[in-house]
Amino acid sequence: MCGICGQLNFATDEPVNPETIRLMSRSMLHRGPDDEGAFISGPVGLGFRRLSIIDLAGGRQPMADEERSVQVIFNGEIYNFRELRRELEKCGYQFRTRSDTEVIVHGYKEWGMDVFNHLNGMFGIAIWDVKHRRLIVARDPMGIKMIYYRIEDEQLTFGSEVRPVLAAKNSAPEISPAAISLFLRFRYTPSPLTVFQGIKKLAAGTMLIAEKGQCREERWYQFSPSPLPGRLKDSDAAEELLELYRRSVRRHLSADVPVGVLLSGGLDSALLLALMNEYGRNWPAYTIGYGKQFADDELQSAAKTALRLGARHIAVKLDRSEFEKSLPKIVEFLEEPVASSSIVPMYFICRRARQDVKVALVGQGPDELFGGYNRHLGVHYGSLWRRLPKKIRSHLSAAILRLPRNETLKRGVHSLAIEDRFARYESIFSLYPAETVKRLFRPDFCPNGEGELSACLDPLLSQMERTDELGGFQLLEIRSSLPDELLMYSDKLSMAHSLEARVPYLDKNIVEFVQRLGANHKIRYGVRKWLHRRVCSRMLPTSILFRKKRGFAVNVVDDWFSARAKGQFQELLLDKNSLIFEQLEPEPVRNLLEEHRARRQNNHKLLFSLVILEQWLRGVRSNFAEDRAAIAA
């Protein structure tokens with residue numbers, strides 16, 4: 001786990017400034033405190049910061065072959081590198097290190113750009129092909145690692161974070177109204193957009209190719225889910241899934257440094273710990289919570305899981321004061337606004353874990369893969385609602401819309417009636433309709449058509465043709481919200497403390513297998529994550545199996561916007577000098593807050609998004625000049 005950056009003058013052949021590469025690398029010191037490296041040759045410059053995990057002595061980058069015909073910088077882990085090494089050795093390649101990076105070097109020489117399809121792991125990779133004067137920059141298929149880039153004046157600038165891209169150009173960044181609109185609707189900004197005008201991020205499974213005076217983006221990961229042939233027995237499906245889980249966990253435990261696990265009180269991380277126990281014992285397990293002040297807190301449940309499975313449990317407690325005080329700093333590390341209440345606990349649990357370990361396994365993935373959220377129930381059974389006579393549906397909808405709060409249910413009855421498939425998915429996925437969000441903006445800052453999710457996800461439409469209703473919706477999550485929201489903040493907030501977060505459930509083999517399963521293996525008789533639970537039942541005691549699913553801190557944040565709870569969040573939204581009101585109208589924002597405080601509607605998600613946006617705007621304004629000066633020092 002590291003940070004990469006680089007620059008190429010792909011049309012002019014003008015030499016890259018070595019000082020620019022140095023500034024870019026130094027902006028990511030937190031991602032790689034152990035080592036640094038650079039390759040600069042004429043129009044190309046590559047920079048690297050290293051967090052040493054595998055082959056501590058021999059894995060320095062940039063890494064080249066003996067002929068120095070290929071230069072590679074790489075952020076992430078290749079979990080099948082040992083198998084690939086044996087395959088490449090049979091082809092005659094000789095290895096000088098035990099590093100997974102060297103597999104990429106020789107793999108590119110053997111397979112060309114198809115090398116990415118041989119890799120099983122998480123990665124942001126840049127390859128400079130000296131002979132063909134070609135630069136390839138790629139993001140892994142699940143989007144676990146990030147790649148940001150800017151193409152301007154026939155120059156490509158890229159990095160693992162936004163910081164190095166900004167560091168390469170001595171000017172304050174401009175804000176994209178379209179991206180802000182998308183953020184307020186979906187809580188994140190989908191690839192390829194970012195909130196910075198002119199800066200984009202690679203979508204999961206895509207690559208940039210700069211050669212012959214041009215730079216283009218292509219999708220290298222072409223997997224398109226299609227149903228498995230024949231009828232797969234439940235027992236066979238569970239057995240295959242368990243074996244895939246075991247192989248993945250074994251691979252993800254490979255490290256030359258201490259490893260731990262982030263443990264919630266739920267099923268997914270408990271199963272992860274049980275699988276880890278097949279390859280070791282007494283793992284350090286880290287949990288964060290609010291303690292007894294929060295009814296849905298997970299500290300006690302996680303402690304019981306750790307005790308039952310023989311792990312060393314380390315608890316971290318968080319309170320509202322710390323949450324509010326730390327939020328600006330956490331938003332700064334994110335670089336882009338992400339309005340998940342989990343960002344604060346994620347930051348603090350990673351900080352605590354880094355005191356003991358350098359790698360932490362995380363149970364992210366099964367909810368998106370197997371339909372673990374309430375919205376998945378609506379999608380799966382939505383056809384029943386659409387089959388109701390319109391008159392009955394209209395009466396039921398009117399009754400539901402009169403209910404106080406219950407915004408999720410209200411959105412559901414509206415969204416599930418939409419006939420167009422992608423429009424239906426987009427409506428279910430959004431916090432608020434596009435028109436509602438558009439009315440928040442001042443006329444002179446009104447976003448254009450780029451602020452539509454479909455503009456970012458058009459390539460998915462053809463792939464949805466062979467999926468069932470639930471599978472199509474999950475494809476949207478796996479290709480968009482999972483990489484660009486959940487995995488983005490996991491990467492940024494773990495690396496803020498130089499901690500490598502690994503996600504075994506998002507192993508490529510697991511994801512591809514699950515995407516080919518029918519909805520009946522994911523939701524059955526109203527039970528979510530059905531097949532995943534079957535596997536859990538083989539590995540976990542019943543006391544863990546039947547715990548209630550909890551969303552960390554959701555109810556807490558809801559309460560912080562209530563009439564009885566005064567605090568910083570509400571003050572930000574009522575302050576006429578808040579920066580959001582340079583783009584948004586004050587009155588509709590205050591109406592949202594008043595409706596929530598009066599308990600007429602539950603607006604806490606959109607209100608929290610506005611707070612995050614305000615903190616982000618303040619950070620951009622105050623930190624750019626400070627960061628530039630600190631990097632240059």
# chains A, B, ... in the order shown; residues from 1 in each chain; ligands from 1

call {"tool": "residues_around", "arguments": {"residues": "Met122 in chain A", "least_positions_apart": "6", "cutoff": "9 Å", "atoms": "only C-alpha atoms", "output": "list in words"}}
result
Asn75, Gly76, Glu77, Ile78, Tyr79, Arg139, Asp140, Pro141, Met142, Gly143, Ile144, Lys145, Arg502 and Asp507 of chain A

call {"tool": "residues_around", "arguments": {"residues": "Gly310 in chain A", "least_positions_apart": "3", "cutoff": "10 Å", "atoms": "only C-alpha atoms", "output": "NGL selection string"}}
result
:A and (273-274 or 277 or 281-285 or 304-307 or 313)

call {"tool": "atom_distance", "arguments": {"atom1": "CA of Lys233 in chain A", "atom2": "CA of Thr467 in chain A"}}
result
19.5 Å

call {"tool": "select_by_dssp", "arguments": {"residues": "range 84-179 of chain A", "states": "alpha helix (DSSP H)", "output": "VMD selection string"}}
result
chain A and resid 84 to 90 101 to 111 115 to 118 162 to 167 177 to 179

call {"tool": "write_last_selection", "arguments": {"atoms": "C-alpha atoms", "output": "CSV table (one decimal), in the first residue's frame"}}
result
chain,number,residue,atom,x,y,z
A,84,LEU,CA,2.0,-15.6,-11.5
A,85,ARG,CA,5.6,-15.6,-10.6
A,86,ARG,CA,5.8,-19.4,-11.1
A,87,GLU,CA,4.0,-19.0,-14.4
A,88,LEU,CA,6.4,-16.3,-15.6
A,89,GLU,CA,9.5,-18.2,-14.4
A,90,LYS,CA,8.4,-21.1,-16.7
A,101,THR,CA,5.6,-5.4,-8.1
A,102,GLU,CA,8.1,-7.5,-10.1
A,103,VAL,CA,5.3,-9.7,-11.3
A,104,ILE,CA,3.7,-6.6,-12.9
A,105,VAL,CA,7.0,-5.7,-14.6
A,106,HIS,CA,7.6,-9.1,-16.2
A,107,GLY,CA,3.8,-9.7,-16.7
A,108,TYR,CA,3.6,-6.6,-18.8
A,109,LYS,CA,6.5,-7.8,-20.9
A,110,GLU,CA,4.8,-11.2,-21.4
A,111,TRP,CA,1.1,-10.2,-21.8
A,115,VAL,CA,-1.5,-8.1,-17.7
A,116,PHE,CA,-4.3,-6.5,-15.7
A,117,ASN,CA,-6.6,-9.4,-16.4
A,118,HIS,CA,-4.0,-11.8,-14.8
A,162,VAL,CA,-6.2,14.6,-5.5
A,163,ARG,CA,-3.3,16.2,-3.6
A,164,PRO,CA,-0.5,15.4,-6.1
A,165,VAL,CA,-2.6,16.5,-9.0
A,166,LEU,CA,-3.2,19.8,-7.3
A,167,ALA,CA,0.4,20.1,-6.2
A,177,PRO,CA,-21.5,22.5,-9.9
A,178,ALA,CA,-22.5,19.3,-11.6
A,179,ALA,CA,-20.5,17.2,-9.2

call {"tool": "select_by_dssp", "arguments": {"residues": "range 59-296 of chain A", "states": "strand (DSSP E or B)", "output": "short mmCIF file (atom, residue, chain, number, x, y, z; two decimals) with C-alpha atoms, in the first residue's frame"}}
result
data_model
loop_
_atom_site.label_atom_id
_atom_site.label_comp_id
_atom_site.auth_asym_id
_atom_site.auth_seq_id
_atom_site.Cartn_x
_atom_site.Cartn_y
_atom_site.Cartn_z
CA MET A 63 10.87 -1.01 -10.40
CA ALA A 64 12.32 -1.93 -13.79
CA VAL A 70 9.70 -1.13 -18.46
CA GLN A 71 9.24 1.10 -15.40
CA VAL A 72 6.45 0.37 -12.90
CA ILE A 73 4.97 2.19 -9.91
CA PHE A 74 2.21 0.45 -8.05
CA ASN A 75 -0.12 1.10 -5.10
CA GLY A 76 -1.90 -1.90 -3.61
CA GLU A 77 -1.41 -5.65 -3.33
CA ILE A 78 -1.41 -8.49 -5.88
CA GLY A 121 -5.75 -7.77 -6.13
CA MET A 122 -6.29 -4.10 -5.42
CA PHE A 123 -4.20 -1.65 -7.35
CA GLY A 124 -3.46 1.66 -8.96
CA ILE A 125 -0.65 0.98 -11.45
CA ALA A 126 1.39 3.11 -13.82
CA ILE A 127 3.60 1.45 -16.46
CA TRP A 128 6.05 3.35 -18.64
CA ASP A 129 6.93 1.35 -21.74
CA ARG A 134 3.61 4.48 -23.87
CA LEU A 135 2.24 5.27 -20.40
CA ILE A 136 -0.57 3.10 -19.00
CA VAL A 137 -2.36 4.01 -15.77
CA ALA A 138 -4.95 1.52 -14.48
CA ARG A 139 -7.39 1.07 -11.59
CA TYR A 148 -7.15 10.82 -10.07
CA TYR A 149 -5.97 12.60 -13.18
CA ARG A 150 -6.01 15.80 -15.20
CA ILE A 151 -5.44 16.16 -18.95
CA GLU A 152 -4.56 19.72 -19.86
CA GLN A 155 -0.11 16.89 -20.47
CA LEU A 156 -1.36 14.01 -18.27
CA THR A 157 -0.98 14.40 -14.51
CA PHE A 158 -2.14 11.60 -12.19
CA GLY A 159 -1.97 10.36 -8.60
CA ILE A 175 -15.50 23.63 -8.07
CA PHE A 196 -12.82 19.68 -8.80
CA LYS A 200 -11.33 13.27 -13.00
CA LYS A 201 -11.03 9.86 -11.41
CA THR A 206 -10.54 1.26 -16.56
CA MET A 207 -7.17 2.59 -17.72
CA LEU A 208 -5.56 5.60 -19.37
CA ILE A 209 -3.28 5.03 -22.35
CA ALA A 210 -1.02 7.88 -23.45
CA GLU A 211 0.94 7.27 -26.67
CA GLN A 214 -2.83 11.24 -27.62
CA CYS A 215 -4.35 10.12 -24.31
CA ARG A 216 -7.47 7.96 -24.16
CA GLU A 217 -9.47 6.09 -21.52
CA GLU A 218 -10.50 2.46 -22.04
CA ARG A 219 -12.24 -0.22 -20.00
CA VAL A 259 -2.25 -8.05 10.70
CA GLY A 260 -5.54 -7.38 12.52
CA VAL A 261 -9.27 -7.11 11.78
CA LEU A 262 -11.85 -4.33 12.12
CA PRO A 284 -6.19 -8.26 17.38
CA ALA A 285 -9.78 -7.14 16.69
CA TYR A 286 -10.76 -3.44 16.77
CA THR A 287 -14.25 -2.05 17.40
CA ILE A 288 -15.51 1.50 17.77
CA GLY A 289 -18.77 2.73 19.27
#

call {"tool": "closest_residue", "arguments": {"among": "A:Met488, A:Leu617, A:Leu506, A:Gly471", "to": "Asn520 in chain A", "atoms": "only C-alpha atoms"}}
result
A:Gly471

call {"tool": "closest_residue", "arguments": {"among": "A:Ser562, A:Trp220, A:Ser427, A:Leu23", "to": "Arg600 in chain A", "atoms": "only C-alpha atoms"}}
result
A:Ser562
